[in-house]
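Novice: This is the content of final.cif (mmCIF, C-alpha atoms):
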data_entry
#
loop_
_atom_site.label_atom_id
_atom_site.label_comp_id
_atom_site.auth_asym_id
_atom_site.auth_seq_id
_atom_site.Cartn_x
_atom_site.Cartn_y
_atom_site.Cartn_z
CA MET A 1 6.51 -7.63 -19.19
CA PHE A 2 4.19 -10.07 -17.42
CA THR A 3 2.42 -12.77 -19.41
CA LYS A 4 -0.64 -14.90 -18.59
CA ILE A 5 -1.80 -12.44 -15.92
CA THR A 6 -5.58 -12.25 -15.49
CA HIS A 7 -5.96 -10.73 -12.01
CA VAL A 8 -4.35 -7.57 -10.63
CA PHE A 9 -4.47 -6.77 -6.90
CA PHE A 10 -3.62 -3.46 -5.25
CA ASP A 11 -2.76 -2.34 -1.77
CA ILE A 12 -4.36 1.02 -0.95
CA GLY A 13 -2.21 3.13 1.38
CA THR A 14 0.83 4.69 -0.34
CA THR A 15 -0.03 2.61 -3.41
CA LEU A 16 -3.27 4.07 -4.80
CA VAL A 17 -3.70 6.65 -2.05
CA ASP A 18 -1.19 9.31 -1.06
CA GLU A 19 -0.96 9.36 2.74
CA THR A 20 1.69 12.06 3.02
CA GLU A 21 -0.57 14.61 4.68
CA CYS A 22 -2.01 11.96 7.01
CA TYR A 23 1.47 11.23 8.33
CA ASN A 24 2.35 14.92 8.53
CA HIS A 25 -0.85 15.55 10.50
CA ARG A 26 -0.02 12.74 12.91
CA ILE A 27 3.55 13.98 13.39
CA CYS A 28 2.35 17.49 14.22
CA GLU A 29 -0.09 16.08 16.76
CA VAL A 30 2.29 13.68 18.49
CA ILE A 31 5.03 16.29 18.93
CA ALA A 32 2.66 19.06 20.04
CA GLY A 33 3.70 20.41 23.44
CA THR A 34 7.17 18.87 23.25
CA ASP A 35 10.53 20.29 22.22
CA ILE A 36 10.85 17.72 19.42
CA THR A 37 10.87 19.38 16.02
CA PHE A 38 9.11 18.08 12.93
CA GLU A 39 12.50 17.64 11.27
CA GLN A 40 13.89 15.63 14.19
CA PHE A 41 10.91 13.29 14.11
CA VAL A 42 11.16 12.77 10.35
CA GLU A 43 14.90 12.12 10.61
CA LYS A 44 14.27 9.41 13.20
CA ARG A 45 11.44 7.98 11.12
CA ILE A 46 13.75 7.65 8.14
CA PHE A 47 16.35 5.99 10.39
CA PHE A 48 13.85 3.26 11.29
CA GLN A 49 12.42 3.05 7.79
CA LYS A 50 15.88 2.19 6.47
CA GLN A 51 15.71 -0.83 8.76
CA ASN A 52 12.45 -1.85 7.03
CA LEU A 53 10.48 -0.97 10.16
CA LYS A 54 7.25 1.03 10.37
CA GLY A 55 9.10 4.29 10.76
CA ASP A 56 6.42 6.53 12.21
CA LEU A 57 5.38 4.05 14.90
CA GLU A 58 8.98 3.29 15.82
CA ALA A 59 9.78 6.99 16.08
CA ILE A 60 6.75 7.51 18.31
CA LYS A 61 8.02 4.77 20.63
CA PHE A 62 11.59 6.09 20.50
CA PHE A 63 10.53 9.55 21.65
CA GLY A 64 8.07 8.15 24.21
CA LEU A 65 5.10 9.79 22.52
CA LYS A 66 1.48 8.69 22.21
CA LYS A 67 0.08 7.63 18.85
CA THR A 68 -2.81 9.80 17.69
CA PRO A 69 -5.78 8.84 15.49
CA TRP A 70 -5.36 8.46 11.74
CA HIS A 71 -6.87 11.37 9.79
CA ARG A 72 -8.57 9.78 6.77
CA GLU A 73 -9.77 13.19 5.64
CA ASP A 74 -6.17 13.89 4.60
CA GLU A 75 -5.99 10.90 2.22
CA ARG A 76 -5.74 11.77 -1.48
CA LEU A 77 -5.64 9.59 -4.57
CA TYR A 78 -2.37 9.67 -6.42
CA PRO A 79 -2.97 11.65 -9.64
CA GLU A 80 -2.28 8.57 -11.78
CA ALA A 81 -4.50 6.15 -9.83
CA GLU A 82 -7.71 6.42 -11.83
CA GLU A 83 -5.95 6.49 -15.18
CA ILE A 84 -4.05 3.27 -14.50
CA LEU A 85 -7.17 1.55 -13.16
CA ARG A 86 -9.10 2.56 -16.27
CA TYR A 87 -6.25 1.30 -18.44
CA LEU A 88 -6.22 -2.09 -16.69
CA ARG A 89 -10.00 -2.39 -16.85
CA GLU A 90 -10.00 -1.62 -20.59
CA ARG A 91 -7.41 -4.34 -21.10
CA GLY A 92 -9.72 -6.86 -19.46
CA TYR A 93 -7.96 -7.49 -16.15
CA ILE A 94 -9.94 -8.46 -13.06
CA ILE A 95 -8.96 -5.94 -10.39
CA GLY A 96 -9.06 -6.37 -6.63
CA VAL A 97 -7.91 -4.85 -3.35
CA ILE A 98 -5.88 -6.62 -0.69
CA ALA A 99 -5.30 -4.09 2.07
CA ASN A 100 -5.04 -3.49 5.79
CA GLN A 101 -7.81 -0.96 6.17
CA GLY A 102 -10.43 0.09 8.70
CA PHE A 103 -14.12 -0.47 8.10
CA GLY A 104 -15.68 1.23 5.09
CA THR A 105 -13.11 0.60 2.36
CA GLU A 106 -15.77 0.28 -0.34
CA LYS A 107 -17.32 3.60 0.64
CA ARG A 108 -13.95 5.32 0.50
CA LEU A 109 -13.27 3.87 -2.94
CA GLU A 110 -16.68 5.14 -4.02
CA ALA A 111 -15.94 8.59 -2.62
CA TRP A 112 -12.72 8.71 -4.63
CA GLY A 113 -14.64 7.68 -7.74
CA ILE A 114 -12.71 4.46 -8.37
CA TRP A 115 -14.90 1.70 -6.92
CA LYS A 116 -16.31 1.06 -10.41
CA TYR A 117 -12.95 -0.37 -11.50
CA PHE A 118 -12.81 -3.09 -8.84
CA ASP A 119 -14.26 -6.58 -8.83
CA SER A 120 -13.48 -7.47 -5.21
CA ILE A 121 -12.21 -6.11 -1.91
CA THR A 122 -10.35 -8.04 0.75
CA ALA A 123 -9.79 -5.66 3.67
CA SER A 124 -8.53 -6.46 7.14
CA ALA A 125 -11.35 -4.90 9.14
CA GLU A 126 -14.16 -6.70 7.34
CA ASP A 127 -12.25 -9.97 6.96
CA GLY A 128 -10.94 -10.12 10.50
CA ILE A 129 -7.35 -10.86 9.45
CA ALA A 130 -4.49 -8.70 8.29
CA LYS A 131 -1.47 -8.78 6.03
CA PRO A 132 1.07 -10.33 6.02
CA ASP A 133 -1.14 -13.34 6.80
CA PRO A 134 -1.22 -15.32 3.51
CA GLU A 135 -4.88 -16.11 4.24
CA MET A 136 -5.70 -12.56 3.15
CA PHE A 137 -4.31 -13.31 -0.30
CA LEU A 138 -5.94 -16.74 -0.49
CA ARG A 139 -9.31 -15.20 0.31
CA ALA A 140 -8.82 -12.53 -2.33
CA LEU A 141 -7.93 -15.13 -4.94
CA LYS A 142 -10.95 -17.26 -4.08
CA ARG A 143 -13.25 -14.24 -4.00
CA SER A 144 -12.16 -13.11 -7.44
CA GLY A 145 -11.84 -16.54 -9.03
CA GLY A 146 -8.14 -16.09 -9.67
CA LEU A 147 -5.16 -18.42 -9.53
CA ALA A 148 -1.96 -17.35 -7.81
CA GLU A 149 0.19 -18.02 -10.88
CA ASN A 150 -2.04 -15.76 -12.99
CA SER A 151 -2.18 -12.91 -10.47
CA VAL A 152 0.02 -9.98 -9.54
CA MET A 153 0.16 -8.03 -6.27
CA ILE A 154 1.12 -4.34 -6.31
CA GLY A 155 2.06 -2.64 -3.05
CA ASP A 156 4.55 -0.44 -1.22
CA ARG A 157 5.40 -2.80 1.65
CA LEU A 158 7.98 -5.57 1.26
CA ASP A 159 6.76 -7.34 4.40
CA ASN A 160 3.01 -6.94 3.95
CA ASP A 161 2.64 -7.05 0.17
CA ILE A 162 5.60 -8.61 -1.61
CA ALA A 163 6.71 -11.46 0.68
CA PRO A 164 3.30 -13.06 1.39
CA ALA A 165 2.14 -12.77 -2.23
CA LYS A 166 5.38 -14.27 -3.49
CA SER A 167 5.12 -17.16 -1.02
CA LEU A 168 1.87 -18.19 -2.72
CA GLY A 169 3.28 -18.02 -6.22
CA MET A 170 1.83 -14.65 -7.20
CA LYS A 171 3.84 -12.17 -9.25
CA THR A 172 4.80 -9.00 -7.40
CA VAL A 173 5.39 -5.33 -8.12
CA TRP A 174 6.92 -3.11 -5.44
CA ILE A 175 5.96 0.53 -5.83
CA LYS A 176 8.50 2.74 -4.08
CA GLN A 177 6.38 5.66 -2.98
CA GLY A 178 6.31 7.50 0.32
CA PHE A 179 8.76 6.25 2.91
CA SER A 180 9.21 2.90 1.16
CA VAL A 181 11.91 4.63 -0.89
CA TYR A 182 14.16 4.13 2.15
CA CYS A 183 13.55 0.37 2.35
CA SER A 184 15.29 -2.50 0.58
CA PRO A 185 14.75 -6.27 0.35
CA THR A 186 16.47 -8.19 3.13
CA CYS A 187 15.86 -11.73 1.87
CA PRO A 188 14.88 -13.53 -1.36
CA GLN A 189 11.22 -13.62 -0.28
CA GLU A 190 11.12 -9.82 -0.25
CA GLN A 191 12.63 -9.47 -3.70
CA PRO A 192 9.86 -8.28 -6.06
CA ASP A 193 9.57 -9.35 -9.68
CA HIS A 194 9.55 -5.68 -10.66
CA THR A 195 10.09 -2.35 -8.93
CA ILE A 196 8.40 0.88 -10.03
CA SER A 197 8.23 4.41 -8.66
CA ASN A 198 4.99 5.55 -10.30
CA LEU A 199 1.71 3.79 -11.06
CA MET A 200 1.92 4.66 -14.75
CA GLU A 201 4.96 2.39 -15.07
CA LEU A 202 2.53 -0.53 -14.81
CA LYS A 203 1.73 0.10 -18.47
CA ASN A 204 5.16 -1.36 -19.25
CA LEU A 205 4.33 -4.54 -17.35
CA LEU A 206 0.63 -5.20 -17.99
#
Please, can you express the file's structure as structure tokens?
Specialist:
Amino acid sequence: MFTKITHVFFDIGTTLVDETECYNHRICEVIAGTDITFEQFVEKRIFFQKQNLKGDLEAIKFFGLKKTPWHREDERLYPEAEEILRYLRERGYIIGVIANQGFGTEKRLEAWGIWKYFDSITASAEDGIAKPDPEMFLRALKRSGGLAENSVMIGDRLDNDIAPAKSLGMKTVWIKQGFSVYCSPTCPQEQPDHTISNLMELKNLL
């Protein structure tokens, strides 16, 4: 269990928000009009994901396909997201977002009914930088008044979430949801302090 933690930061995609249907929608669109089956695409995506690569984009390149727009309308909160945010808020933690997202992150959080739990947002579109740039994390810490040693980052990406946060002295929690279940740390910098498979497991750590 973590001690002396005051600030808790979350990624959004495949951490608080289930993007399964977004990816499925994209796959169906990119393979439309080809003889590539959904199963073949997913198999290749998993192949690349096991190499800690962005599986869907690598599979698109492998098959020579064209990436289609992201369908935000297919995003859904994980069932446990609001409950864990409420739990952390009631325990007095300062909660923030550090995420690679398009414009309008605050509005989307409001639409999902969870903006009220957050104290700050650091998002790539509005900030003009993106993870894994450590500057994203430094800005989030400054914005929220937190210190790295008293903060924890929770995310599904070893490269974008765990490694940069750890390099600054933050604690880290890797949540293995979505296709991150096929990934594994490749160096000490990617080794999280804790690994969970469901947001509710944070109750054992915070």
Novice: Since I can't run it myself right now, could you work out what the PyMOL selection byres ((chain A and resi 157-159) around 8) selects here and report it as number ranges by chain?
Specialist: A: 132, 155-156, 160-164, 174, 180, 184-185, 190-191
Novice: Excluding same-chain residues fewer than 3 positions from region 56-58 of chain A, what lies within 8 Å of it counting only C-alpha atoms, as a ChimeraX atom specification?
Specialist: /A:23,45,48,53,61-62,67
Novice: With region 10-20 of chain A as the partner and 7 Å as the cut-off, tabulate the residues of region 98-189 of chain A that qualify, each row holding the nearest pair of atoms and their distance in Å to one decimal, using all atoms listed in the file, sorted by chain and rising number, as a Markdown table.
Specialist:
| residue | atom | partner | partner_atom | distance |
| --- | --- | --- | --- | --- |
| A:Ile98 | CA | A:Asp11 | CA | 5.4 |
| A:Ala99 | CA | A:Asp11 | CA | 4.9 |
| A:Met153 | CA | A:Phe10 | CA | 6.0 |
| A:Ile154 | CA | A:Phe10 | CA | 4.9 |
| A:Gly155 | CA | A:Asp11 | CA | 5.0 |
| A:Asp156 | CA | A:Thr15 | CA | 5.9 |
| A:Ile175 | CA | A:Thr15 | CA | 6.8 |
| A:Gln177 | CA | A:Thr14 | CA | 6.2 |
| A:Gly178 | CA | A:Thr14 | CA | 6.2 |
Novice: In Å to one decimal, how far is CA of Val30 (chain A) from CA of Phe63 (chain A)?
Specialist: 9.7 Å
Novice: To test your reading of the syntax: which residues would the PyMOL selection byres ((chain A and resi 89) around 12) return for the file shown? Reply as a list in words.
Specialist: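 Output of the PyMOL selection byres ((chain A and resi 89) around 12): Thr6, His7, Val8, Glu82, Glu83, Ile84, Leu85, Arg86, Tyr87, Leu88, Glu90, Arg91, Gly92, Tyr93, Ile94, Ile95, Gly96, Ile114, Trp115, Lys116, Tyr117, Phe118, Asp119 and Leu206 of chain A.
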Novice: Pick the closest to Asn204 (chain A) from A:Phe179, A:Ser167, A:Val173, A:Asp74: which is it, counting all atoms listed in the file?
Specialist: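 The answer is A:Val173, which sits nearest to Asn204 (chain A).
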Novice: A:Tyr78, A:Trp70, A:Phe38, A:Tyr182: which is nearest Gly102 (chain A), counting only C-alpha atoms?
Specialist: A:Trp70
Novice: Which value, in Å to one decimal, gives the distance between CA of Thr122 (chain A) and CA of Met136 (chain A)?
Specialist: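 That distance, rounded to one decimal, is 6.9 Å.
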Novice: Rounded to one decimal in Å, what is the spacing between CA of Asp193 (chain A) and CA of Asp127 (chain A)?
Specialist: 27.4 Å
Novice: Could you tell me which residues the PyMOL selection byres ((chain A and resi 170) around 9) grabs in this file, written as an NGL selection string?
Specialist: :A and (147-153 or 164-169 or 171-172)
Novice: If you keep C-alpha atoms, can you produce a file of those selected residues as an mmCIF file, in the coordinates of the input?
Specialist:
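Generated file (part.cif):
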data_model
loop_
_atom_site.group_PDB
_atom_site.id
_atom_site.type_symbol
_atom_site.label_atom_id
_atom_site.label_comp_id
_atom_site.auth_asym_id
_atom_site.auth_seq_id
_atom_site.Cartn_x
_atom_site.Cartn_y
_atom_site.Cartn_z
ATOM 1 C CA LEU A 147 -5.160 -18.420 -9.530
ATOM 2 C CA ALA A 148 -1.960 -17.350 -7.810
ATOM 3 C CA GLU A 149 0.190 -18.020 -10.880
ATOM 4 C CA ASN A 150 -2.040 -15.760 -12.990
ATOM 5 C CA SER A 151 -2.180 -12.910 -10.470
ATOM 6 C CA VAL A 152 0.020 -9.980 -9.540
ATOM 7 C CA MET A 153 0.160 -8.030 -6.270
ATOM 8 C CA PRO A 164 3.300 -13.060 1.390
ATOM 9 C CA ALA A 165 2.140 -12.770 -2.230
ATOM 10 C CA LYS A 166 5.380 -14.270 -3.490
ATOM 11 C CA SER A 167 5.120 -17.160 -1.020
ATOM 12 C CA LEU A 168 1.870 -18.190 -2.720
ATOM 13 C CA GLY A 169 3.280 -18.020 -6.220
ATOM 14 C CA LYS A 171 3.840 -12.170 -9.250
ATOM 15 C CA THR A 172 4.800 -9.000 -7.400
#
Novice: Smallest atom-to-atom distance to Leu141 (chain A): which of A:His25, A:Val97, A:Val181, A:Gln189, using all atoms listed in the file?
Specialist: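 The answer is A:Val97, which sits nearest to Leu141 (chain A).
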Novice: Of the candidates A:Lys176, A:Ser120, A:Met1, A:Glu39, which shows the shortest atom-to-atom distance to Phe137 (chain A), using all atoms listed in the file?
Specialist: A:Ser120
Novice: Compile the contact shell of region 31-37 of chain A as a ChimeraX atom specification: residues with an atom at most 12 Å away, counting only C-alpha atoms, same-chain residues fewer than 2 positions apart removed.
Specialist: /A:24-29,39-44,56,59-60,62-68
Novice: Taking all atoms of region 128-138 of chain A that the file lists and extending 5 Å past them on each side, where is the centre of the axis-aligned box and how long are its edges? Answer in Å to one decimal, as AutoDock Vina command-line options.
Specialist:
--center_x -4.9 --center_y -12.7 --center_z 5.0 --size_x 22.0 --size_y 18.0 --size_z 21.0
Novice: Only N, CA, C and O atoms, as a PDB file, in the first residue's frame: that is what I want for region 12-46 of chain A.
Specialist:
ATOM      1  N   ILE A  12      -6.659   8.550 -19.442  1.00  0.00           N
ATOM      2  CA  ILE A  12      -8.088   8.402 -19.737  1.00  0.00           C
ATOM      3  C   ILE A  12      -8.369   7.140 -20.544  1.00  0.00           C
ATOM      4  O   ILE A  12      -9.052   6.235 -20.094  1.00  0.00           O
ATOM      5  N   GLY A  13      -7.835   7.085 -21.780  1.00  0.00           N
ATOM      6  CA  GLY A  13      -8.141   5.960 -22.651  1.00  0.00           C
ATOM      7  C   GLY A  13      -7.657   4.626 -22.113  1.00  0.00           C
ATOM      8  O   GLY A  13      -6.502   4.478 -21.734  1.00  0.00           O
ATOM      9  N   THR A  14      -8.550   3.653 -22.055  1.00  0.00           N
ATOM     10  CA  THR A  14      -8.294   2.297 -21.573  1.00  0.00           C
ATOM     11  C   THR A  14      -7.801   2.303 -20.122  1.00  0.00           C
ATOM     12  O   THR A  14      -7.184   1.361 -19.654  1.00  0.00           O
ATOM     13  N   THR A  15      -8.083   3.399 -19.414  1.00  0.00           N
ATOM     14  CA  THR A  15      -7.796   3.493 -17.987  1.00  0.00           C
ATOM     15  C   THR A  15      -9.094   3.811 -17.254  1.00  0.00           C
ATOM     16  O   THR A  15      -9.584   3.001 -16.472  1.00  0.00           O
ATOM     17  N   LEU A  16      -9.671   4.977 -17.549  1.00  0.00           N
ATOM     18  CA  LEU A  16     -11.002   5.321 -17.036  1.00  0.00           C
ATOM     19  C   LEU A  16     -12.084   5.030 -18.071  1.00  0.00           C
ATOM     20  O   LEU A  16     -13.233   4.769 -17.723  1.00  0.00           O
ATOM     21  N   VAL A  17     -11.697   5.075 -19.334  1.00  0.00           N
ATOM     22  CA  VAL A  17     -12.656   4.939 -20.434  1.00  0.00           C
ATOM     23  C   VAL A  17     -12.368   3.686 -21.260  1.00  0.00           C
ATOM     24  O   VAL A  17     -11.238   3.466 -21.699  1.00  0.00           O
ATOM     25  N   ASP A  18     -13.398   2.894 -21.448  1.00  0.00           N
ATOM     26  CA  ASP A  18     -13.304   1.674 -22.256  1.00  0.00           C
ATOM     27  C   ASP A  18     -13.391   2.064 -23.731  1.00  0.00           C
ATOM     28  O   ASP A  18     -14.401   2.622 -24.183  1.00  0.00           O
ATOM     29  N   GLU A  19     -12.337   1.773 -24.470  1.00  0.00           N
ATOM     30  CA  GLU A  19     -12.273   2.132 -25.886  1.00  0.00           C
ATOM     31  C   GLU A  19     -12.468   0.933 -26.810  1.00  0.00           C
ATOM     32  O   GLU A  19     -12.227   1.033 -28.016  1.00  0.00           O
ATOM     33  N   THR A  20     -12.936  -0.165 -26.263  1.00  0.00           N
ATOM     34  CA  THR A  20     -13.069  -1.396 -27.047  1.00  0.00           C
ATOM     35  C   THR A  20     -13.873  -1.185 -28.317  1.00  0.00           C
ATOM     36  O   THR A  20     -13.450  -1.579 -29.419  1.00  0.00           O
ATOM     37  N   GLU A  21     -15.050  -0.568 -28.183  1.00  0.00           N
ATOM     38  CA  GLU A  21     -15.904  -0.389 -29.351  1.00  0.00           C
ATOM     39  C   GLU A  21     -15.331   0.630 -30.331  1.00  0.00           C
ATOM     40  O   GLU A  21     -15.589   0.551 -31.529  1.00  0.00           O
ATOM     41  N   CYS A  22     -14.537   1.580 -29.834  1.00  0.00           N
ATOM     42  CA  CYS A  22     -13.874   2.535 -30.727  1.00  0.00           C
ATOM     43  C   CYS A  22     -12.910   1.795 -31.649  1.00  0.00           C
ATOM     44  O   CYS A  22     -12.869   2.036 -32.862  1.00  0.00           O
ATOM     45  N   TYR A  23     -12.117   0.902 -31.050  1.00  0.00           N
ATOM     46  CA  TYR A  23     -11.161   0.131 -31.841  1.00  0.00           C
ATOM     47  C   TYR A  23     -11.877  -0.818 -32.795  1.00  0.00           C
ATOM     48  O   TYR A  23     -11.477  -0.974 -33.948  1.00  0.00           O
ATOM     49  N   ASN A  24     -12.936  -1.454 -32.316  1.00  0.00           N
ATOM     50  CA  ASN A  24     -13.694  -2.361 -33.189  1.00  0.00           C
ATOM     51  C   ASN A  24     -14.285  -1.609 -34.379  1.00  0.00           C
ATOM     52  O   ASN A  24     -14.272  -2.109 -35.514  1.00  0.00           O
ATOM     53  N   HIS A  25     -14.788  -0.409 -34.114  1.00  0.00           N
ATOM     54  CA  HIS A  25     -15.353   0.427 -35.174  1.00  0.00           C
ATOM     55  C   HIS A  25     -14.282   0.765 -36.210  1.00  0.00           C
ATOM     56  O   HIS A  25     -14.509   0.665 -37.424  1.00  0.00           O
ATOM     57  N   ARG A  26     -13.108   1.151 -35.711  1.00  0.00           N
ATOM     58  CA  ARG A  26     -12.016   1.497 -36.622  1.00  0.00           C
ATOM     59  C   ARG A  26     -11.598   0.287 -37.455  1.00  0.00           C
ATOM     60  O   ARG A  26     -11.376   0.411 -38.672  1.00  0.00           O
ATOM     61  N   ILE A  27     -11.486  -0.875 -36.818  1.00  0.00           N
ATOM     62  CA  ILE A  27     -11.085  -2.078 -37.554  1.00  0.00           C
ATOM     63  C   ILE A  27     -12.070  -2.368 -38.681  1.00  0.00           C
ATOM     64  O   ILE A  27     -11.674  -2.638 -39.823  1.00  0.00           O
ATOM     65  N   CYS A  28     -13.357  -2.307 -38.365  1.00  0.00           N
ATOM     66  CA  CYS A  28     -14.371  -2.586 -39.388  1.00  0.00           C
ATOM     67  C   CYS A  28     -14.261  -1.608 -40.546  1.00  0.00           C
ATOM     68  O   CYS A  28     -14.445  -1.994 -41.720  1.00  0.00           O
ATOM     69  N   GLU A  29     -13.947  -0.364 -40.245  1.00  0.00           N
ATOM     70  CA  GLU A  29     -13.830   0.633 -41.311  1.00  0.00           C
ATOM     71  C   GLU A  29     -12.579   0.423 -42.155  1.00  0.00           C
ATOM     72  O   GLU A  29     -12.637   0.531 -43.385  1.00  0.00           O
ATOM     73  N   VAL A  30     -11.449   0.153 -41.508  1.00  0.00           N
ATOM     74  CA  VAL A  30     -10.199   0.050 -42.279  1.00  0.00           C
ATOM     75  C   VAL A  30     -10.164  -1.199 -43.159  1.00  0.00           C
ATOM     76  O   VAL A  30      -9.511  -1.201 -44.206  1.00  0.00           O
ATOM     77  N   ILE A  31     -10.866  -2.260 -42.758  1.00  0.00           N
ATOM     78  CA  ILE A  31     -10.837  -3.480 -43.564  1.00  0.00           C
ATOM     79  C   ILE A  31     -11.994  -3.552 -44.559  1.00  0.00           C
ATOM     80  O   ILE A  31     -12.057  -4.484 -45.371  1.00  0.00           O
ATOM     81  N   ALA A  32     -12.896  -2.577 -44.492  1.00  0.00           N
ATOM     82  CA  ALA A  32     -14.046  -2.577 -45.415  1.00  0.00           C
ATOM     83  C   ALA A  32     -13.557  -2.572 -46.859  1.00  0.00           C
ATOM     84  O   ALA A  32     -12.659  -1.810 -47.231  1.00  0.00           O
ATOM     85  N   GLY A  33     -14.138  -3.453 -47.674  1.00  0.00           N
ATOM     86  CA  GLY A  33     -13.766  -3.523 -49.085  1.00  0.00           C
ATOM     87  C   GLY A  33     -12.517  -4.324 -49.365  1.00  0.00           C
ATOM     88  O   GLY A  33     -12.053  -4.367 -50.508  1.00  0.00           O
ATOM     89  N   THR A  34     -11.947  -4.945 -48.334  1.00  0.00           N
ATOM     90  CA  THR A  34     -10.767  -5.796 -48.518  1.00  0.00           C
ATOM     91  C   THR A  34     -11.150  -7.245 -48.208  1.00  0.00           C
ATOM     92  O   THR A  34     -12.264  -7.525 -47.760  1.00  0.00           O
ATOM     93  N   ASP A  35     -10.206  -8.146 -48.419  1.00  0.00           N
ATOM     94  CA  ASP A  35     -10.473  -9.547 -48.063  1.00  0.00           C
ATOM     95  C   ASP A  35      -9.867  -9.896 -46.701  1.00  0.00           C
ATOM     96  O   ASP A  35      -9.752 -11.072 -46.337  1.00  0.00           O
ATOM     97  N   ILE A  36      -9.455  -8.879 -45.969  1.00  0.00           N
ATOM     98  CA  ILE A  36      -8.906  -9.083 -44.613  1.00  0.00           C
ATOM     99  C   ILE A  36     -10.059  -9.228 -43.635  1.00  0.00           C
ATOM    100  O   ILE A  36     -10.964  -8.390 -43.595  1.00  0.00           O
ATOM    101  N   THR A  37     -10.032 -10.280 -42.849  1.00  0.00           N
ATOM    102  CA  THR A  37     -11.109 -10.491 -41.885  1.00  0.00           C
ATOM    103  C   THR A  37     -10.809  -9.760 -40.571  1.00  0.00           C
ATOM    104  O   THR A  37      -9.658  -9.408 -40.285  1.00  0.00           O
ATOM    105  N   PHE A  38     -11.848  -9.548 -39.819  1.00  0.00           N
ATOM    106  CA  PHE A  38     -11.716  -8.908 -38.502  1.00  0.00           C
ATOM    107  C   PHE A  38     -10.746  -9.711 -37.640  1.00  0.00           C
ATOM    108  O   PHE A  38      -9.873  -9.144 -36.978  1.00  0.00           O
ATOM    109  N   GLU A  39     -10.888 -11.025 -37.679  1.00  0.00           N
ATOM    110  CA  GLU A  39     -10.042 -11.903 -36.877  1.00  0.00           C
ATOM    111  C   GLU A  39      -8.580 -11.811 -37.292  1.00  0.00           C
ATOM    112  O   GLU A  39      -7.677 -11.822 -36.441  1.00  0.00           O
ATOM    113  N   GLN A  40      -8.320 -11.733 -38.593  1.00  0.00           N
ATOM    114  CA  GLN A  40      -6.946 -11.613 -39.077  1.00  0.00           C
ATOM    115  C   GLN A  40      -6.312 -10.301 -38.605  1.00  0.00           C
ATOM    116  O   GLN A  40      -5.144 -10.274 -38.213  1.00  0.00           O
ATOM    117  N   PHE A  41      -7.084  -9.238 -38.651  1.00  0.00           N
ATOM    118  CA  PHE A  41      -6.569  -7.943 -38.211  1.00  0.00           C
ATOM    119  C   PHE A  41      -6.250  -7.978 -36.724  1.00  0.00           C
ATOM    120  O   PHE A  41      -5.179  -7.524 -36.294  1.00  0.00           O
ATOM    121  N   VAL A  42      -7.166  -8.508 -35.925  1.00  0.00           N
ATOM    122  CA  VAL A  42      -6.954  -8.567 -34.479  1.00  0.00           C
ATOM    123  C   VAL A  42      -5.748  -9.441 -34.141  1.00  0.00           C
ATOM    124  O   VAL A  42      -4.951  -9.101 -33.255  1.00  0.00           O
ATOM    125  N   GLU A  43      -5.593 -10.547 -34.845  1.00  0.00           N
ATOM    126  CA  GLU A  43      -4.441 -11.421 -34.615  1.00  0.00           C
ATOM    127  C   GLU A  43      -3.135 -10.670 -34.863  1.00  0.00           C
ATOM    128  O   GLU A  43      -2.175 -10.788 -34.084  1.00  0.00           O
ATOM    129  N   LYS A  44      -3.094  -9.879 -35.935  1.00  0.00           N
ATOM    130  CA  LYS A  44      -1.886  -9.112 -36.237  1.00  0.00           C
ATOM    131  C   LYS A  44      -1.697  -7.992 -35.217  1.00  0.00           C
ATOM    132  O   LYS A  44      -0.565  -7.687 -34.816  1.00  0.00           O
ATOM    133  N   ARG A  45      -2.786  -7.412 -34.769  1.00  0.00           N
ATOM    134  CA  ARG A  45      -2.690  -6.367 -33.752  1.00  0.00           C
ATOM    135  C   ARG A  45      -2.081  -6.925 -32.477  1.00  0.00           C
ATOM    136  O   ARG A  45      -1.213  -6.302 -31.860  1.00  0.00           O
ATOM    137  N   ILE A  46      -2.525  -8.090 -32.072  1.00  0.00           N
ATOM    138  CA  ILE A  46      -1.981  -8.720 -30.864  1.00  0.00           C
ATOM    139  C   ILE A  46      -0.498  -9.027 -31.049  1.00  0.00           C
ATOM    140  O   ILE A  46       0.312  -8.853 -30.129  1.00  0.00           O
TER     141      ILE A  46
END
